[in-house]
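See structure below.
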Amino acid sequence: MKLRRSGRLVDMTNYLLAHPHSLVPLTLFSERYQSAKSSISEDLTIIKQTFEEQGAGSLLTVPGAAGGVKYIPGIRPKEAKETIAELCEWMAKPERVLPGGYLYLTDILGNPLLVNKIGRLFASVFADRKIDVVMTVATKGIPLAYAVARDLNVPVVIVRKDSKVTEGSTVSINYVSGSSKRIQTMLLAKRSLEEGSNVLIIDDFMKAGGTINGMISLLEEFNATVAGIGVLVETEGVEERLVDEYISLVKLTEVDIREKHIHLKEGNYFDFSKS
């Protein structure tokens, strides 16, 4: 299709946003718009400058015959601060207090706009790591995992507590829950994860980290590597943390169950963010 520059810029931007972390050859755009590669290169320079000025990410150029451009999603520090502050405000509502010091998060995890913002935060901070797949445990971590995986352009695998006939043969392990110290089981379908994969673990809530530690043990059965761990909410003051290296957005510092007071602050996200 033959388009004016304004039309090309809009269409190219939409294409790049829909294909993050994918190498797009210049010939694709050249043939798509029936334009010379020199014109496409000029257009991409404009898009790159706009992405960087707006804090929407960066556009990497890969030279050579097999090269092209790759869009890497990003987020500005100010926007990241505002999103985490918004999360803290949402989570501080007294009615969220649940028995055991947990928080009700279902409405947050069911809010597409907010979940997409969370996904962008994690995808940005893990952008420079080699990631083949995003892993989470059913069920509340699933929306977060898909939001992160979308901006990283990788698949999602879901660890379950019980077997599903539709998933075929599985690999299962027993693990110790960090908070309750109970022996529990988790499993993953054999065909859902290739051996040697680099896996980003995403979870919605972490106390001692028993569930995440279980997922790490499960990955060992696939000879897979943990590329990173992202947690929406972590609790402070845990006697024994089973997971050392992770990135959290929000830290739960205190829950007064009787008075229903919830105190939260930023997690360690900005200790790792390059923004």
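We name chains A, B, ... following the order of the structure tokens; residues begin at 1 in each chain, and ligands are numbered from 1 as shown.
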
Among segment 100-182 of chain A, which residues carry a DSSP assignment of helix (DSSP H, G or I), reported as a VMD selection string? chain A and resid 100 to 101 106 to 109 112 to 125 142 to 152 165 to 167

Can you list, as a VMD selection string, every protein, DNA or RNA residue that comes within 9 Å of Phe205 of chain A when you count only C-alpha atoms, leaving out same-chain residues fewer than 5 positions away? chain A and resid 102 to 103 141 231 to 235

Mind dumping the selected residues with N, CA and C atoms as an mmCIF file, in the first residue's frame?
data_model
loop_
_atom_site.group_PDB
_atom_site.id
_atom_site.type_symbol
_atom_site.label_atom_id
_atom_site.label_comp_id
_atom_site.auth_asym_id
_atom_site.auth_seq_id
_atom_site.Cartn_x
_atom_site.Cartn_y
_atom_site.Cartn_z
ATOM 1 N N TYR A 102 -2.992 -11.198 54.584
ATOM 2 C CA TYR A 102 -2.988 -11.099 53.124
ATOM 3 C C TYR A 102 -3.869 -9.923 52.695
ATOM 4 N N LEU A 103 -3.756 -9.552 51.417
ATOM 5 C CA LEU A 103 -4.568 -8.477 50.860
ATOM 6 C C LEU A 103 -5.443 -9.001 49.736
ATOM 7 N N GLY A 141 -1.734 -14.986 39.603
ATOM 8 C CA GLY A 141 -0.586 -14.441 38.899
ATOM 9 C C GLY A 141 -0.730 -14.445 37.392
ATOM 10 N N VAL A 231 7.809 -9.602 41.544
ATOM 11 C CA VAL A 231 6.736 -9.771 42.527
ATOM 12 C C VAL A 231 5.941 -8.472 42.619
ATOM 13 N N LEU A 232 4.635 -8.576 42.558
ATOM 14 C CA LEU A 232 3.795 -7.384 42.689
ATOM 15 C C LEU A 232 3.876 -6.828 44.108
ATOM 16 N N VAL A 233 3.640 -7.672 45.121
ATOM 17 C CA VAL A 233 3.662 -7.242 46.518
ATOM 18 C C VAL A 233 4.531 -8.202 47.332
ATOM 19 N N GLU A 234 5.449 -7.656 48.082
ATOM 20 C CA GLU A 234 6.220 -8.460 49.045
ATOM 21 C C GLU A 234 5.917 -7.950 50.445
ATOM 22 N N THR A 235 6.037 -8.835 51.432
ATOM 23 C CA THR A 235 5.830 -8.421 52.813
ATOM 24 C C THR A 235 7.165 -8.159 53.485
#

What is the distance, in Å and to one decimal place, between atom CA of Val250 of chain A and atom CA of Ala123 of chain A?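 Pair atom CA of Val250 of chain A / atom CA of Ala123 of chain A returns 16.2 Å.
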
What gap, in Å, lies between atom CA of Glu266 of chain A and atom CA of Leu252 of chain A?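 About the pair atom CA of Glu266 of chain A and atom CA of Leu252 of chain A: they are 8.8 Å apart.
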
Using only C-alpha atoms, determine which residues lie at most 6 Å from Gly267 of chain A, disregarding the query and same-chain residues fewer than 3 positions distant; provide the list as a PyMOL selection string. chain A and resi 248-251

Using only all heavy atoms, please write the residues we just selected to a file, as a short mmCIF file (atom, residue, chain, number, x, y, z; two decimals), in the first residue's frame.
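Output (part.cif):
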data_model
loop_
_atom_site.label_atom_id
_atom_site.label_comp_id
_atom_site.auth_asym_id
_atom_site.auth_seq_id
_atom_site.Cartn_x
_atom_site.Cartn_y
_atom_site.Cartn_z
N SER A 248 10.49 -6.21 43.32
CA SER A 248 9.12 -6.01 43.78
C SER A 248 8.66 -4.58 43.48
O SER A 248 9.47 -3.65 43.47
CB SER A 248 8.99 -6.28 45.28
OG SER A 248 9.75 -5.35 46.03
N LEU A 249 7.37 -4.43 43.25
CA LEU A 249 6.81 -3.10 43.01
C LEU A 249 6.35 -2.44 44.30
O LEU A 249 6.56 -1.25 44.51
CB LEU A 249 5.63 -3.19 42.03
CG LEU A 249 5.90 -3.78 40.65
CD1 LEU A 249 4.66 -3.59 39.76
CD2 LEU A 249 7.12 -3.15 40.00
N VAL A 250 5.72 -3.22 45.17
CA VAL A 250 5.14 -2.68 46.41
C VAL A 250 5.59 -3.53 47.59
O VAL A 250 5.69 -4.76 47.48
CB VAL A 250 3.60 -2.67 46.33
CG1 VAL A 250 2.99 -2.20 47.65
CG2 VAL A 250 3.12 -1.78 45.19
N LYS A 251 5.87 -2.86 48.70
CA LYS A 251 6.25 -3.57 49.92
C LYS A 251 5.19 -3.33 51.00
O LYS A 251 4.87 -2.18 51.32
CB LYS A 251 7.61 -3.09 50.42
CG LYS A 251 8.12 -3.82 51.66
CD LYS A 251 9.54 -3.41 52.01
CE LYS A 251 10.52 -3.93 50.99
NZ LYS A 251 11.93 -3.67 51.39
#

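If you look at atom CA of Ile202 of chain A and atom CA of Ala149 of chain A, they are 9.9 Å away from each other.
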
From the list A:Ala147, A:Ile142, A:Met135, A:Val176, which residue is nearest Gly228 of chain A when using only C-alpha atoms?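 Ranked by minimum distance to Gly228 of chain A, first place goes to A:Met135.
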
Find, counting only C-alpha atoms, the residue in A:Pro99, A:Ser35, A:Arg120, A:Cys88 that gets nearest to Arg76 of chain A.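 Smallest separation from Arg76 of chain A among the options: A:Arg120.
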